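Below: one structure, written as structure tokens.
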Amino acid sequence: MEHSVKLKRTDFSRNLISSISDKALHLLPALPDLILPGNQKTALPRLPMGTEVLDTRLNQLQSLRIQPGAFRALEKLQFLYLDDNLTNSMPGLPLSLHSLHLQNNMIETMHRDPFCATKEHKHTHTGDWETSAWTNAREVQGEEEEEEKEKEA
């Protein structure tokens with residue numbers, strides 16, 4: 001019989017945590033709230049799939065040390081706090097996301113892709129994210145062009 005902890009929230013705010021093993025959270029697959037601000041983390045561990053709120057403010061997270069697709073895979077993630085870190089690029093975002101905080105980082109460029117699937121937030125997404133993002137980016141671009149033509153007319 002497998003035993004798993006049924007925690008709803010873990011708060012490790014303002015400690016001296018510099019790293020978390022990928023195995024540290026594996027017994028908490030349904031953990032909704034993971035609160036880790038004010039530590040010294042430069043990377044993120046494998047995150048529980050049930051995470052809805054992830055707060056990693058005031059750390060030293062670097063884009064290169066966040067696994068590609070780490071956030072996209074979290075289909076229940078609604079609130080993501082990455083402010084006051086060292087990230088220099090936008091993470092791939094899940095369609096479930098309601099709020100994203102990236103202030104006080106080192107972001108130099110922003111691409112449209114993380115934000116272009118806004119219509120899909122209203123229903124289940126079943127396709128490949130990159131393909132969907134490209135398709136939606138073209139649709140959004142087409143809508144913008146139509147709006148410009150209407151303004152000119």
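We label chains A, B, ... in the order they appear in the structure tokens, count residues from 1 in each chain, and number ligands from 1 in the order shown.
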
Residues within 10 Å of Leu25 of chain A, please, as a tab-separated table (two decimals) with C-alpha atoms, in the first residue's frame. Count only C-alpha atoms; anything in the same chain fewer than 4 positions from it doesn't count.
```tsv
chain	number	residue	atom	x	y	z
A	20	ILE	CA	15.92	21.09	-4.14
A	21	SER	CA	16.38	17.54	-5.36
A	29	PRO	CA	1.98	14.83	-6.87
A	30	ALA	CA	-1.21	16.73	-6.02
A	31	LEU	CA	0.39	19.57	-4.02
A	34	LEU	CA	4.33	25.47	-3.47
A	45	PRO	CA	13.29	20.81	-9.24
A	46	ARG	CA	10.77	18.63	-11.08
A	47	LEU	CA	7.49	20.16	-9.94
A	48	PRO	CA	4.38	18.29	-8.75
```

### Summary
The distance between atom CA of Leu80 of chain A and atom CA of Val5 of chain A is 23.2 Å

#### Entry: For Ser96 of chain A: contacts at 6 Å, only C-alpha atoms, fewer than 6 positions along chain excluded, given as number ranges by chain
A: 76-78

### Query
Quick one: distance from atom CA of Leu28 of chain A to atom CA of Leu82 of chain A in Å, one decimal?
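For atom CA of Leu28 of chain A relative to atom CA of Leu82 of chain A, the distance reads 21.5 Å.
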
Could the residues of segment 37-77 of chain A that have an atom at most 12 Å from segment 9-12 of chain A be listed as CSV, each with its closest atom pair and the distance in Å to one decimal, counting only C-alpha atoms and ordered by chain and ascending residue number?
```
residue,atom,partner,partner_atom,distance
A:Pro37,CA,A:Phe12,CA,7.3
A:Gly38,CA,A:Phe12,CA,8.6
A:Asn39,CA,A:Phe12,CA,8.2
A:Gln40,CA,A:Phe12,CA,11.5
A:Lys41,CA,A:Phe12,CA,11.7
A:Pro48,CA,A:Arg9,CA,11.9
A:Gly50,CA,A:Arg9,CA,11.4
A:Thr51,CA,A:Arg9,CA,9.7
A:Glu52,CA,A:Arg9,CA,10.2
A:Val53,CA,A:Arg9,CA,9.2
A:Leu54,CA,A:Thr10,CA,10.3
A:Asp55,CA,A:Asp11,CA,9.3
A:Thr56,CA,A:Phe12,CA,10.0
A:Arg57,CA,A:Phe12,CA,11.6
```

### Message
With distances taken over only C-alpha atoms, which residue among A:Ile107, A:Asp33, A:Phe79, A:Thr42 lies nearest Leu61 of chain A?
### Response
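Smallest separation from Leu61 of chain A among the options: A:Thr42.
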
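Taking atom CA of Leu95 of chain A and atom CA of Leu64 of chain A as endpoints, the distance between them is 22.1 Å.
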